[in-house]
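Colleague: Following this message is one structure expressed as C-alpha coordinates.
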Amino acid sequence: MKFSLKKSLQCLRNIGVGIAAIAAAQPAFSDWTVQGSQILDPNGAPFVYRGVNLGTLPAIDSLPFVMADIAATGANAVRIPVTSYFSEERIKQYIALCKQHKLVCVLTNVSTYGYGDNVGFDNWSSVWSSWSNLAGVLKGTEDYVIIDVASGPTGNSATNNYLGFTETGILLLRLAGIKNQLMISGANWGQDWENIMRNNAEYLFAKDSLKNVIFSVHMYEAYNNPSAIRSYLKSYLDRQLPIMISEFGPVRRDRTNEYLSPYTNTDVDEDAIMQISKELGVGYLGWSWSGYTTKFTDLNMVTNFDPNQITTWGNKLVNSENGIKATAKLATHYANSSSSSAASTSSVASSVSSNRAPYAVISARVIQERCGSVYAQVSGAETTDADGDILSYAWQVYDPQNYSYQNFTGSELKFYMRPVTNYQFILNVDDGRGGKSTATKDLSHSYSDNCVSSSATTSSRRSSIGSSERAEPSSSSRSSVYSSSRSSSSTPLSCLPGNNWPDCPRSSSSRSSSSVGSITKAQCSYVINSQWNNGFTATIRIKNISSSAINGWDVNWQYSDGSKVTNLWNATLSGANPYNAKNLSWNSTIQPGQTVEFGFQGSKSAAAAIIPAVTGAVCQ
(Lines give C-alpha, C1' and ligand atoms only; values in the text may rest on other atoms or scores of the structure.)
Protein backbone atom coordinates (compact mmCIF):
# COMPACT_ATOMS: atom_id res chain seq x y z
CA MET A 1 0.00 0.00 0.00
CA LYS A 2 1.41 3.39 -1.04
CA PHE A 3 0.61 6.81 0.37
CA SER A 4 1.45 10.35 -0.60
CA LEU A 5 1.45 13.23 1.85
CA LYS A 6 -0.80 15.45 -0.25
CA LYS A 7 -3.31 12.72 -1.08
CA SER A 8 -3.40 11.41 2.49
CA LEU A 9 -4.20 14.84 3.91
CA GLN A 10 -6.80 15.48 1.23
CA CYS A 11 -8.36 12.08 1.86
CA LEU A 12 -8.71 12.84 5.56
CA ARG A 13 -10.40 16.13 4.73
CA ASN A 14 -12.68 14.60 2.11
CA ILE A 15 -14.05 11.88 4.35
CA GLY A 16 -14.38 14.27 7.26
CA VAL A 17 -12.09 12.39 9.58
CA GLY A 18 -10.82 14.77 12.24
CA ILE A 19 -9.14 14.17 15.54
CA ALA A 20 -12.45 13.84 17.38
CA ALA A 21 -13.78 11.36 14.82
CA ILE A 22 -10.71 9.16 15.16
CA ALA A 23 -10.97 9.26 18.93
CA ALA A 24 -14.62 8.21 18.76
CA ALA A 25 -13.80 5.37 16.36
CA GLN A 26 -11.36 3.66 18.71
CA PRO A 27 -11.12 3.36 22.51
CA ALA A 28 -8.78 5.68 24.39
CA PHE A 29 -6.50 2.82 25.38
CA SER A 30 -2.79 2.37 25.65
CA ASP A 31 -0.85 0.77 28.47
CA TRP A 32 1.97 3.31 28.33
CA THR A 33 0.71 6.85 28.98
CA VAL A 34 1.97 10.36 29.59
CA GLN A 35 1.03 12.80 32.33
CA GLY A 36 2.44 16.23 31.73
CA SER A 37 6.18 15.77 31.17
CA GLN A 38 6.23 12.32 32.79
CA ILE A 39 6.19 9.01 30.95
CA LEU A 40 4.16 6.42 32.87
CA ASP A 41 4.55 2.66 32.57
CA PRO A 42 1.52 0.31 32.43
CA ASN A 43 1.28 0.38 36.24
CA GLY A 44 1.11 4.17 36.18
CA ALA A 45 4.62 4.58 37.65
CA PRO A 46 7.03 7.20 36.26
CA PHE A 47 9.60 5.74 33.87
CA VAL A 48 12.93 7.23 32.78
CA TYR A 49 14.71 5.69 29.80
CA ARG A 50 18.23 4.43 30.46
CA GLY A 51 19.21 2.18 27.61
CA VAL A 52 21.02 1.39 24.40
CA ASN A 53 20.55 1.66 20.65
CA LEU A 54 21.13 -1.54 18.73
CA GLY A 55 22.23 0.60 15.81
CA THR A 56 23.83 -2.20 13.80
CA LEU A 57 21.97 -5.49 13.93
CA PRO A 58 23.97 -8.68 14.45
CA ALA A 59 23.26 -11.96 12.67
CA ILE A 60 19.79 -13.13 13.66
CA ASP A 61 21.05 -16.27 15.39
CA SER A 62 23.31 -14.11 17.59
CA LEU A 63 20.53 -11.73 18.58
CA PRO A 64 19.39 -13.65 21.72
CA PHE A 65 22.92 -13.44 23.15
CA VAL A 66 23.31 -9.76 22.25
CA MET A 67 20.01 -8.83 23.90
CA ALA A 68 21.06 -10.71 27.05
CA ASP A 69 24.34 -8.78 27.07
CA ILE A 70 22.50 -5.46 26.78
CA ALA A 71 20.17 -6.38 29.64
CA ALA A 72 23.20 -7.32 31.77
CA THR A 73 24.35 -3.68 31.71
CA GLY A 74 21.25 -2.78 33.73
CA ALA A 75 19.57 -1.12 30.74
CA ASN A 76 15.79 -0.83 30.91
CA ALA A 77 15.19 -0.21 27.20
CA VAL A 78 16.61 -0.95 23.76
CA ARG A 79 15.92 0.87 20.51
CA ILE A 80 15.95 -1.38 17.44
CA PRO A 81 15.98 -0.14 13.82
CA VAL A 82 13.50 -1.61 11.37
CA THR A 83 12.86 -0.92 7.69
CA SER A 84 9.98 -1.44 5.31
CA TYR A 85 11.55 -4.75 4.24
CA PHE A 86 11.51 -6.53 7.61
CA SER A 87 9.22 -9.53 7.90
CA GLU A 88 6.53 -9.95 10.57
CA GLU A 89 8.45 -12.92 11.98
CA ARG A 90 11.54 -10.79 12.46
CA ILE A 91 9.57 -8.13 14.35
CA LYS A 92 8.04 -10.83 16.56
CA GLN A 93 11.52 -12.08 17.42
CA TYR A 94 12.62 -8.61 18.53
CA ILE A 95 9.57 -8.15 20.73
CA ALA A 96 9.87 -11.61 22.30
CA LEU A 97 13.52 -11.04 23.19
CA CYS A 98 12.74 -7.63 24.71
CA LYS A 99 10.06 -9.23 26.88
CA GLN A 100 12.35 -12.04 27.96
CA HIS A 101 15.06 -9.62 29.08
CA LYS A 102 12.64 -7.04 30.58
CA LEU A 103 13.62 -4.32 28.14
CA VAL A 104 11.19 -1.73 26.86
CA CYS A 105 11.23 -2.31 23.11
CA VAL A 106 11.46 0.87 21.03
CA LEU A 107 11.01 -0.02 17.36
CA THR A 108 12.19 2.80 15.09
CA ASN A 109 11.68 3.02 11.34
CA VAL A 110 14.92 4.10 9.65
CA SER A 111 13.71 3.92 6.04
CA THR A 112 13.69 7.70 5.62
CA TYR A 113 16.53 8.73 7.94
CA GLY A 114 17.77 12.14 6.75
CA TYR A 115 15.15 12.29 3.97
CA GLY A 116 15.91 15.08 1.53
CA ASP A 117 19.67 14.84 2.16
CA ASN A 118 20.12 11.08 2.27
CA VAL A 119 20.07 10.00 -1.36
CA GLY A 120 18.45 6.67 -2.15
CA PHE A 121 16.34 6.22 0.96
CA ASP A 122 12.63 5.41 0.79
CA ASN A 123 9.98 8.07 0.58
CA TRP A 124 7.86 8.92 3.61
CA SER A 125 4.86 6.88 2.47
CA SER A 126 6.88 3.71 3.03
CA VAL A 127 6.96 4.52 6.76
CA TRP A 128 3.20 4.73 7.04
CA SER A 129 2.53 1.67 4.92
CA SER A 130 5.11 -0.47 6.78
CA TRP A 131 3.63 0.39 10.19
CA SER A 132 0.10 -0.20 8.86
CA ASN A 133 1.18 -3.60 7.56
CA LEU A 134 2.47 -4.45 11.05
CA ALA A 135 -0.75 -3.44 12.85
CA GLY A 136 -1.70 -7.09 13.38
CA VAL A 137 1.71 -7.95 14.84
CA LEU A 138 1.62 -4.94 17.16
CA LYS A 139 -1.85 -5.66 18.50
CA GLY A 140 -1.53 -6.75 22.13
CA THR A 141 2.04 -5.43 22.49
CA GLU A 142 1.06 -2.10 24.04
CA ASP A 143 2.67 -3.09 27.38
CA TYR A 144 6.04 -3.71 25.79
CA VAL A 145 6.50 -1.82 22.51
CA ILE A 146 6.90 1.89 21.80
CA ILE A 147 6.67 3.00 18.16
CA ASP A 148 9.31 5.54 17.13
CA VAL A 149 7.49 6.55 13.95
CA ALA A 150 10.60 7.55 11.96
CA SER A 151 14.16 8.15 13.08
CA GLY A 152 15.30 11.63 11.97
CA PRO A 153 12.68 11.73 9.19
CA THR A 154 14.16 14.81 7.49
CA GLY A 155 17.65 16.02 6.80
CA ASN A 156 18.50 19.70 6.63
CA SER A 157 16.95 20.30 3.20
CA ALA A 158 13.42 18.90 3.71
CA THR A 159 12.44 20.52 6.98
CA ASN A 160 9.60 22.51 5.38
CA ASN A 161 7.70 19.23 5.06
CA TYR A 162 8.48 17.93 8.55
CA LEU A 163 5.20 18.99 10.18
CA GLY A 164 3.07 17.61 7.35
CA PHE A 165 4.86 14.27 7.45
CA THR A 166 4.65 13.95 11.24
CA GLU A 167 1.01 15.00 11.51
CA THR A 168 -0.05 12.64 8.74
CA GLY A 169 1.97 9.79 10.26
CA ILE A 170 0.25 10.14 13.64
CA LEU A 171 -3.20 10.21 12.05
CA LEU A 172 -2.60 7.26 9.74
CA LEU A 173 -1.05 5.03 12.39
CA ARG A 174 -4.03 5.58 14.66
CA LEU A 175 -6.43 4.96 11.76
CA ALA A 176 -4.62 1.67 11.15
CA GLY A 177 -5.55 0.63 14.70
CA ILE A 178 -2.08 0.98 16.25
CA LYS A 179 -2.55 1.87 19.93
CA ASN A 180 1.06 1.77 21.10
CA GLN A 181 2.62 4.87 22.57
CA LEU A 182 4.21 6.91 19.78
CA MET A 183 7.65 8.51 19.83
CA ILE A 184 8.26 11.49 17.53
CA SER A 185 11.78 12.25 16.33
CA GLY A 186 13.05 15.75 15.55
CA ALA A 187 13.84 17.30 12.18
CA ASN A 188 17.42 17.97 10.98
CA TRP A 189 18.55 14.33 11.12
CA GLY A 190 16.84 14.10 14.52
CA GLN A 191 18.83 16.95 16.10
CA ASP A 192 16.06 19.55 15.59
CA TRP A 193 18.64 22.32 15.64
CA GLU A 194 16.16 24.55 13.79
CA ASN A 195 13.69 23.88 16.66
CA ILE A 196 10.90 22.85 14.31
CA MET A 197 9.69 20.03 16.55
CA ARG A 198 10.31 22.04 19.72
CA ASN A 199 8.31 25.04 18.54
CA ASN A 200 5.40 22.91 17.31
CA ALA A 201 5.33 20.26 20.04
CA GLU A 202 1.91 21.22 21.43
CA TYR A 203 0.45 21.19 17.93
CA LEU A 204 1.81 17.72 17.19
CA PHE A 205 0.77 16.34 20.57
CA ALA A 206 -2.80 17.48 19.95
CA LYS A 207 -2.90 15.58 16.66
CA ASP A 208 -2.89 12.25 18.49
CA SER A 209 -6.37 11.06 19.33
CA LEU A 210 -4.96 9.12 22.30
CA LYS A 211 -2.84 12.05 23.53
CA ASN A 212 -0.02 9.57 23.94
CA VAL A 213 3.04 11.03 22.19
CA ILE A 214 6.54 11.48 23.56
CA PHE A 215 9.17 13.62 21.82
CA SER A 216 12.75 12.55 21.17
CA VAL A 217 15.90 14.33 20.06
CA HIS A 218 19.27 13.11 18.75
CA MET A 219 22.07 14.93 20.56
CA TYR A 220 25.32 15.17 18.61
CA GLU A 221 27.40 18.15 17.50
CA ALA A 222 24.57 20.68 17.89
CA TYR A 223 24.71 19.95 21.64
CA ASN A 224 28.37 20.38 22.52
CA ASN A 225 27.86 22.63 25.54
CA PRO A 226 25.69 22.41 28.71
CA SER A 227 23.61 25.50 27.99
CA ALA A 228 22.40 24.19 24.63
CA ILE A 229 21.55 20.81 26.18
CA ARG A 230 19.73 22.24 29.18
CA SER A 231 17.77 24.90 27.31
CA TYR A 232 16.47 22.44 24.72
CA LEU A 233 15.29 19.87 27.26
CA LYS A 234 13.81 22.43 29.66
CA SER A 235 11.77 24.01 26.87
CA TYR A 236 9.66 20.82 26.90
CA LEU A 237 9.60 20.26 30.65
CA ASP A 238 8.55 23.85 31.32
CA ARG A 239 5.56 23.29 29.03
CA GLN A 240 4.71 19.94 30.64
CA LEU A 241 5.61 17.94 27.55
CA PRO A 242 7.47 14.58 27.62
CA ILE A 243 10.96 14.63 26.08
CA MET A 244 13.78 12.07 25.94
CA ILE A 245 17.11 11.66 24.13
CA SER A 246 16.79 8.76 21.71
CA GLU A 247 20.40 9.00 20.45
CA PHE A 248 23.66 10.48 21.66
CA GLY A 249 27.32 9.54 21.68
CA PRO A 250 30.80 10.99 22.18
CA VAL A 251 31.12 12.08 18.54
CA ARG A 252 28.82 12.78 15.65
CA ARG A 253 27.06 9.68 14.31
CA ASP A 254 27.51 10.51 10.58
CA ARG A 255 30.23 13.00 9.80
CA THR A 256 30.68 15.11 6.70
CA ASN A 257 34.43 15.24 7.29
CA GLU A 258 34.88 11.46 7.37
CA TYR A 259 36.55 11.44 3.96
CA LEU A 260 39.12 14.06 4.92
CA SER A 261 42.70 13.25 5.83
CA PRO A 262 43.67 13.66 8.59
CA TYR A 263 40.33 12.52 9.91
CA THR A 264 38.87 14.28 12.94
CA ASN A 265 35.73 13.66 14.98
CA THR A 266 33.21 16.33 15.86
CA ASP A 267 33.05 16.53 19.64
CA VAL A 268 29.83 16.08 21.63
CA ASP A 269 29.51 16.91 25.34
CA GLU A 270 28.28 13.46 26.33
CA ASP A 271 29.20 14.01 30.01
CA ALA A 272 26.94 17.06 30.19
CA ILE A 273 24.15 15.18 28.38
CA MET A 274 24.24 12.40 30.97
CA GLN A 275 24.57 14.72 33.96
CA ILE A 276 21.80 17.11 32.89
CA SER A 277 19.53 14.20 31.92
CA LYS A 278 19.89 12.78 35.43
CA GLU A 279 19.31 16.18 37.02
CA LEU A 280 16.14 16.85 34.98
CA GLY A 281 14.81 13.29 35.08
CA VAL A 282 15.03 12.96 31.29
CA GLY A 283 15.62 9.58 29.63
CA TYR A 284 18.41 8.67 27.25
CA LEU A 285 19.44 5.86 24.91
CA GLY A 286 23.14 5.72 24.05
CA TRP A 287 24.36 5.13 20.50
CA SER A 288 25.38 2.37 19.79
CA TRP A 289 25.99 -1.17 21.09
CA SER A 290 28.37 -2.52 18.41
CA GLY A 291 28.93 -3.19 14.73
CA TYR A 292 30.76 -0.20 13.26
CA THR A 293 33.89 -1.38 11.48
CA THR A 294 35.24 1.81 9.88
CA LYS A 295 35.75 5.31 11.24
CA PHE A 296 32.55 5.16 13.32
CA THR A 297 34.20 2.82 15.83
CA ASP A 298 34.29 5.61 18.44
CA LEU A 299 30.54 5.04 18.79
CA ASN A 300 30.75 1.32 19.59
CA MET A 301 30.06 0.46 23.23
CA VAL A 302 31.62 -2.97 22.78
CA THR A 303 33.84 -4.39 20.03
CA ASN A 304 32.59 -7.19 17.76
CA PHE A 305 29.44 -7.60 19.89
CA ASP A 306 31.65 -8.99 22.66
CA PRO A 307 30.69 -7.60 26.11
CA ASN A 308 34.18 -8.49 27.38
CA GLN A 309 35.63 -5.93 24.94
CA ILE A 310 33.98 -2.83 26.35
CA THR A 311 35.19 0.46 24.87
CA THR A 312 35.93 3.77 26.58
CA TRP A 313 32.54 5.05 25.47
CA GLY A 314 30.78 1.89 26.62
CA ASN A 315 32.44 2.02 30.02
CA LYS A 316 31.36 5.64 30.49
CA LEU A 317 27.77 5.03 29.41
CA VAL A 318 27.37 1.94 31.59
CA ASN A 319 29.59 2.48 34.61
CA SER A 320 29.95 6.23 35.25
CA GLU A 321 28.06 7.97 38.04
CA ASN A 322 25.41 9.20 35.62
CA GLY A 323 25.46 6.00 33.59
CA ILE A 324 23.06 3.14 33.10
CA LYS A 325 23.99 0.94 36.09
CA ALA A 326 23.77 3.80 38.58
CA THR A 327 20.54 5.37 37.32
CA ALA A 328 18.40 2.80 35.45
CA LYS A 329 15.23 1.34 36.95
CA LEU A 330 13.10 -1.33 35.31
CA ALA A 331 9.55 -0.55 34.29
CA THR A 332 7.48 -1.71 37.28
CA HIS A 333 5.37 -4.17 35.27
CA TYR A 334 8.65 -5.87 34.33
CA ALA A 335 10.11 -5.75 37.83
CA ASN A 336 7.46 -8.17 39.11
CA SER A 337 6.86 -10.13 35.91
CA SER A 338 7.12 -13.90 35.68
CA SER A 339 9.37 -15.80 33.29
CA SER A 340 6.47 -16.76 31.02
CA SER A 341 7.83 -14.56 28.28
CA ALA A 342 11.15 -16.39 28.43
CA ALA A 343 9.48 -19.59 27.29
CA SER A 344 7.99 -17.91 24.26
CA THR A 345 11.36 -16.40 23.40
CA SER A 346 13.09 -19.73 23.79
CA SER A 347 10.73 -21.17 21.20
CA VAL A 348 11.57 -18.26 18.93
CA ALA A 349 15.28 -18.87 19.41
CA SER A 350 14.91 -22.59 18.74
CA SER A 351 12.90 -21.94 15.59
CA VAL A 352 15.64 -19.62 14.39
CA SER A 353 18.39 -22.13 15.15
CA SER A 354 16.54 -24.91 13.30
CA ASN A 355 16.82 -22.81 10.17
CA ARG A 356 20.48 -22.27 9.40
CA ALA A 357 21.24 -18.68 8.46
CA PRO A 358 22.98 -17.91 5.15
CA TYR A 359 26.61 -16.82 5.07
CA ALA A 360 26.99 -13.52 3.23
CA VAL A 361 30.08 -12.99 1.11
CA ILE A 362 31.03 -9.94 -0.96
CA SER A 363 33.39 -10.21 -3.91
CA ALA A 364 34.41 -6.98 -5.59
CA ARG A 365 36.74 -5.29 -8.04
CA VAL A 366 37.29 -1.72 -9.19
CA ILE A 367 37.19 -1.06 -12.95
CA GLN A 368 38.33 2.02 -14.88
CA GLU A 369 36.26 1.94 -18.06
CA ARG A 370 37.82 5.17 -19.30
CA CYS A 371 39.53 8.24 -17.90
CA GLY A 372 37.30 9.81 -15.27
CA SER A 373 34.83 6.92 -15.22
CA VAL A 374 35.55 4.30 -12.54
CA TYR A 375 33.10 1.88 -10.97
CA ALA A 376 32.96 -0.87 -8.40
CA GLN A 377 31.62 -4.22 -9.54
CA VAL A 378 30.40 -5.99 -6.41
CA SER A 379 28.65 -9.31 -6.11
CA GLY A 380 26.99 -11.42 -3.43
CA ALA A 381 26.90 -14.48 -5.69
CA GLU A 382 29.39 -16.34 -3.49
CA THR A 383 26.95 -16.21 -0.55
CA THR A 384 25.99 -19.69 0.64
CA ASP A 385 22.96 -21.15 2.42
CA ALA A 386 23.24 -24.61 4.00
CA ASP A 387 19.50 -25.22 3.61
CA GLY A 388 19.44 -24.28 -0.07
CA ASP A 389 16.91 -21.48 0.49
CA ILE A 390 16.18 -18.90 -2.19
CA LEU A 391 17.96 -15.74 -1.05
CA SER A 392 17.17 -12.06 -1.43
CA TYR A 393 19.89 -9.43 -1.49
CA ALA A 394 19.73 -5.82 -0.25
CA TRP A 395 22.69 -3.44 -0.51
CA GLN A 396 23.52 -0.22 1.27
CA VAL A 397 26.38 1.93 0.02
CA TYR A 398 27.72 4.60 2.35
CA ASP A 399 29.27 7.65 0.68
CA PRO A 400 31.16 9.68 3.35
CA GLN A 401 31.75 12.69 1.14
CA ASN A 402 28.07 13.14 0.32
CA TYR A 403 26.95 12.15 3.83
CA SER A 404 24.51 9.60 2.46
CA TYR A 405 23.44 5.99 2.18
CA GLN A 406 21.98 4.51 -1.02
CA ASN A 407 19.86 1.35 -1.22
CA PHE A 408 19.90 -1.28 -3.99
CA THR A 409 18.66 -4.82 -4.48
CA GLY A 410 19.88 -7.80 -6.47
CA SER A 411 22.83 -10.14 -6.15
CA GLU A 412 25.15 -7.85 -8.14
CA LEU A 413 25.74 -4.13 -8.22
CA LYS A 414 27.61 -1.67 -10.45
CA PHE A 415 28.43 1.55 -8.60
CA TYR A 416 30.32 4.54 -10.04
CA MET A 417 32.97 5.97 -7.71
CA ARG A 418 34.84 9.22 -7.20
CA PRO A 419 38.59 9.04 -6.56
CA VAL A 420 40.01 9.05 -3.03
CA THR A 421 36.62 8.31 -1.44
CA ASN A 422 36.28 5.29 0.82
CA TYR A 423 32.86 3.75 0.12
CA GLN A 424 31.43 1.10 2.42
CA PHE A 425 29.32 -1.63 0.78
CA ILE A 426 26.94 -3.45 3.13
CA LEU A 427 25.19 -6.61 1.93
CA ASN A 428 22.14 -7.95 3.80
CA VAL A 429 21.05 -11.44 2.79
CA ASP A 430 17.67 -12.92 3.78
CA ASP A 431 16.57 -16.53 3.30
CA GLY A 432 12.86 -15.71 3.82
CA ARG A 433 12.61 -17.95 6.89
CA GLY A 434 14.15 -15.73 9.54
CA GLY A 435 17.77 -16.40 8.56
CA LYS A 436 19.80 -13.24 7.97
CA SER A 437 23.45 -12.47 7.35
CA THR A 438 25.45 -9.31 6.73
CA ALA A 439 28.82 -8.65 5.11
CA THR A 440 30.69 -5.38 4.59
CA LYS A 441 33.49 -4.30 2.31
CA ASP A 442 35.33 -0.98 1.93
CA LEU A 443 36.40 0.11 -1.56
CA SER A 444 38.19 3.15 -2.95
CA HIS A 445 40.39 3.97 -5.95
CA SER A 446 43.19 6.34 -6.85
CA TYR A 447 42.63 6.63 -10.62
CA SER A 448 42.95 10.24 -11.69
CA ASP A 449 40.07 12.04 -13.38
CA ASN A 450 42.40 14.70 -14.81
CA CYS A 451 42.14 13.59 -18.41
CA VAL A 452 44.60 14.76 -21.07
CA SER A 453 42.27 16.34 -23.62
CA SER A 454 39.40 18.68 -22.91
CA SER A 455 36.99 16.46 -24.83
CA ALA A 456 38.04 13.45 -22.79
CA THR A 457 37.58 15.45 -19.61
CA THR A 458 34.05 16.41 -20.60
CA SER A 459 33.04 12.89 -21.58
CA SER A 460 34.40 11.23 -18.48
CA ARG A 461 33.16 13.34 -15.63
CA ARG A 462 32.95 11.35 -12.49
CA SER A 463 29.67 10.22 -11.01
CA SER A 464 28.10 12.09 -8.15
CA ILE A 465 25.85 9.23 -7.12
CA GLY A 466 26.14 5.46 -7.66
CA SER A 467 24.32 3.56 -10.36
CA SER A 468 22.07 0.62 -9.60
CA GLU A 469 22.82 -0.91 -12.98
CA ARG A 470 23.87 -4.57 -12.73
CA ALA A 471 27.12 -5.79 -14.26
CA GLU A 472 27.91 -9.12 -15.90
CA PRO A 473 30.76 -11.09 -14.26
CA SER A 474 34.15 -10.81 -15.94
CA SER A 475 37.05 -13.21 -15.80
CA SER A 476 39.66 -10.46 -15.59
CA SER A 477 40.56 -8.87 -12.29
CA ARG A 478 40.72 -5.33 -13.68
CA SER A 479 39.69 -3.73 -16.93
CA SER A 480 40.32 -0.37 -18.55
CA VAL A 481 38.39 -1.03 -21.74
CA TYR A 482 36.28 1.84 -23.03
CA SER A 483 32.63 0.84 -23.15
CA SER A 484 30.79 2.23 -26.20
CA SER A 485 27.74 -0.03 -26.02
CA ARG A 486 25.46 2.53 -24.38
CA SER A 487 23.02 4.25 -26.66
CA SER A 488 22.83 8.02 -26.45
CA SER A 489 19.27 7.94 -27.71
CA SER A 490 17.79 6.55 -24.51
CA THR A 491 17.98 8.33 -21.17
CA PRO A 492 18.13 6.09 -18.07
CA LEU A 493 15.42 6.70 -15.47
CA SER A 494 18.25 7.54 -13.07
CA CYS A 495 19.36 10.55 -15.13
CA LEU A 496 17.57 13.19 -13.09
CA PRO A 497 18.59 16.87 -13.00
CA GLY A 498 21.78 17.26 -11.01
CA ASN A 499 23.00 13.68 -11.53
CA ASN A 500 26.12 13.42 -13.68
CA TRP A 501 26.58 9.70 -14.13
CA PRO A 502 28.77 8.55 -17.02
CA ASP A 503 25.79 6.96 -18.83
CA CYS A 504 23.62 10.11 -18.64
CA PRO A 505 23.33 12.47 -21.64
CA ARG A 506 25.51 15.57 -21.34
CA SER A 507 24.23 19.10 -21.43
CA SER A 508 26.24 21.67 -23.32
CA SER A 509 27.09 23.56 -20.16
CA SER A 510 29.98 22.66 -17.88
CA ARG A 511 29.39 21.66 -14.27
CA SER A 512 32.37 23.60 -13.01
CA SER A 513 31.97 26.77 -11.01
CA SER A 514 33.38 28.70 -13.94
CA SER A 515 30.01 28.27 -15.68
CA VAL A 516 28.60 30.85 -13.30
CA GLY A 517 30.84 33.49 -14.86
CA SER A 518 30.06 37.08 -14.03
CA ILE A 519 26.29 36.73 -14.46
CA THR A 520 24.24 37.36 -11.33
CA LYS A 521 22.05 34.33 -10.84
CA ALA A 522 21.11 33.87 -7.19
CA GLN A 523 19.97 35.50 -3.98
CA CYS A 524 22.40 34.55 -1.20
CA SER A 525 21.18 34.96 2.37
CA TYR A 526 22.56 34.27 5.84
CA VAL A 527 20.05 33.07 8.46
CA ILE A 528 20.70 32.56 12.19
CA ASN A 529 18.81 29.48 13.37
CA SER A 530 19.67 29.47 17.06
CA GLN A 531 22.17 31.03 19.45
CA TRP A 532 23.27 30.70 23.03
CA ASN A 533 25.84 32.33 25.29
CA ASN A 534 28.95 31.37 23.32
CA GLY A 535 27.67 29.64 20.22
CA PHE A 536 25.22 29.64 17.33
CA THR A 537 23.93 27.68 14.35
CA ALA A 538 23.26 29.32 10.99
CA THR A 539 22.28 28.55 7.40
CA ILE A 540 23.36 30.08 4.11
CA ARG A 541 20.74 29.80 1.37
CA ILE A 542 21.32 30.18 -2.36
CA LYS A 543 18.18 30.70 -4.44
CA ASN A 544 18.37 30.57 -8.24
CA ILE A 545 16.44 33.61 -9.51
CA SER A 546 17.49 33.15 -13.14
CA SER A 547 15.85 31.19 -15.94
CA SER A 548 18.69 28.68 -16.35
CA ALA A 549 20.35 26.15 -14.08
CA ILE A 550 23.34 27.06 -11.95
CA ASN A 551 26.03 24.41 -12.32
CA GLY A 552 28.51 24.78 -9.48
CA TRP A 553 28.65 27.46 -6.79
CA ASP A 554 30.81 28.79 -4.00
CA VAL A 555 30.22 31.66 -1.55
CA ASN A 556 32.22 33.68 0.97
CA TRP A 557 31.52 35.41 4.27
CA GLN A 558 33.54 37.03 7.06
CA TYR A 559 32.92 37.86 10.74
CA SER A 560 33.92 41.18 12.27
CA ASP A 561 33.34 40.15 15.90
CA GLY A 562 35.71 37.18 16.23
CA SER A 563 33.08 34.53 15.56
CA LYS A 564 34.36 31.23 14.17
CA VAL A 565 32.85 28.32 12.24
CA THR A 566 33.43 25.08 14.16
CA ASN A 567 31.50 22.58 12.04
CA LEU A 568 29.80 22.71 8.64
CA TRP A 569 27.60 20.30 6.69
CA ASN A 570 26.32 19.95 3.10
CA ALA A 571 29.25 21.91 1.60
CA THR A 572 33.05 21.89 1.54
CA LEU A 573 34.60 24.50 3.84
CA SER A 574 37.92 26.27 3.30
CA GLY A 575 39.57 29.38 4.67
CA ALA A 576 39.36 30.90 8.13
CA ASN A 577 37.65 34.29 8.20
CA PRO A 578 37.01 34.96 5.43
CA TYR A 579 35.39 31.56 4.93
CA ASN A 580 34.57 29.88 1.64
CA ALA A 581 32.02 27.12 1.10
CA LYS A 582 31.75 25.18 -2.14
CA ASN A 583 29.10 22.78 -3.39
CA LEU A 584 29.34 19.03 -3.03
CA SER A 585 28.72 16.90 -6.12
CA TRP A 586 25.12 16.11 -5.22
CA ASN A 587 24.01 19.73 -4.59
CA SER A 588 26.05 21.50 -7.26
CA THR A 589 23.10 22.09 -9.62
CA ILE A 590 20.42 24.62 -8.68
CA GLN A 591 17.43 24.66 -11.01
CA PRO A 592 15.53 27.92 -11.71
CA GLY A 593 13.48 28.85 -8.65
CA GLN A 594 15.20 26.20 -6.51
CA THR A 595 17.09 26.89 -3.27
CA VAL A 596 20.00 24.94 -1.84
CA GLU A 597 21.38 25.54 1.59
CA PHE A 598 24.15 24.42 3.90
CA GLY A 599 24.38 24.77 7.64
CA PHE A 600 27.07 25.24 10.23
CA GLN A 601 27.73 25.69 13.92
CA GLY A 602 30.00 28.37 15.32
CA SER A 603 31.44 29.98 18.42
CA LYS A 604 31.01 33.62 19.40
CA SER A 605 31.25 36.02 22.32
CA ALA A 606 28.39 36.61 24.74
CA ALA A 607 27.02 39.29 22.39
CA ALA A 608 24.27 38.54 19.88
CA ALA A 609 25.30 36.69 16.74
CA ILE A 610 25.95 38.97 13.79
CA ILE A 611 24.73 38.51 10.19
CA PRO A 612 27.62 38.98 7.74
CA ALA A 613 27.26 39.62 4.03
CA VAL A 614 27.37 36.59 1.70
CA THR A 615 29.35 37.18 -1.49
CA GLY A 616 30.51 35.20 -4.48
CA ALA A 617 30.20 35.09 -8.26
CA VAL A 618 26.85 33.37 -7.98
CA CYS A 619 25.36 35.96 -5.58
CA GLN A 620 23.24 38.97 -6.42
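Identifiers in this document derive from the order of the C-alpha coordinates: chains are assigned A, B, ..., residues are numbered from 1 separately in each chain, and ligands are numbered from 1 in order of occurrence.
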Need to verify the contact set: Ile70 in chain A, 12 Å, only C-alpha atoms, exclusion of same-chain residues closer than 6 positions in sequence. Can you return it as a ChimeraX atom specification?
Modeller: /A:50-54,63-64,76-79,97-98,101-104,285-286,288-290,301-302,305-307,310,314,318,324-325
Colleague: Extract, using only C-alpha atoms, all DNA, RNA and protein residues at most 7 Å from Val596 in chain A, discarding same-chain residues fewer than 5 positions from it, and format them as a ChimeraX atom specification.
Modeller: /A:541-543,590
Colleague: Quick one, how far is CA of Arg230 in chain A from CA of Ile273 in chain A?
Modeller: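 Going from CA of Arg230 in chain A over to CA of Ile273 in chain A, I get 8.4 Å.
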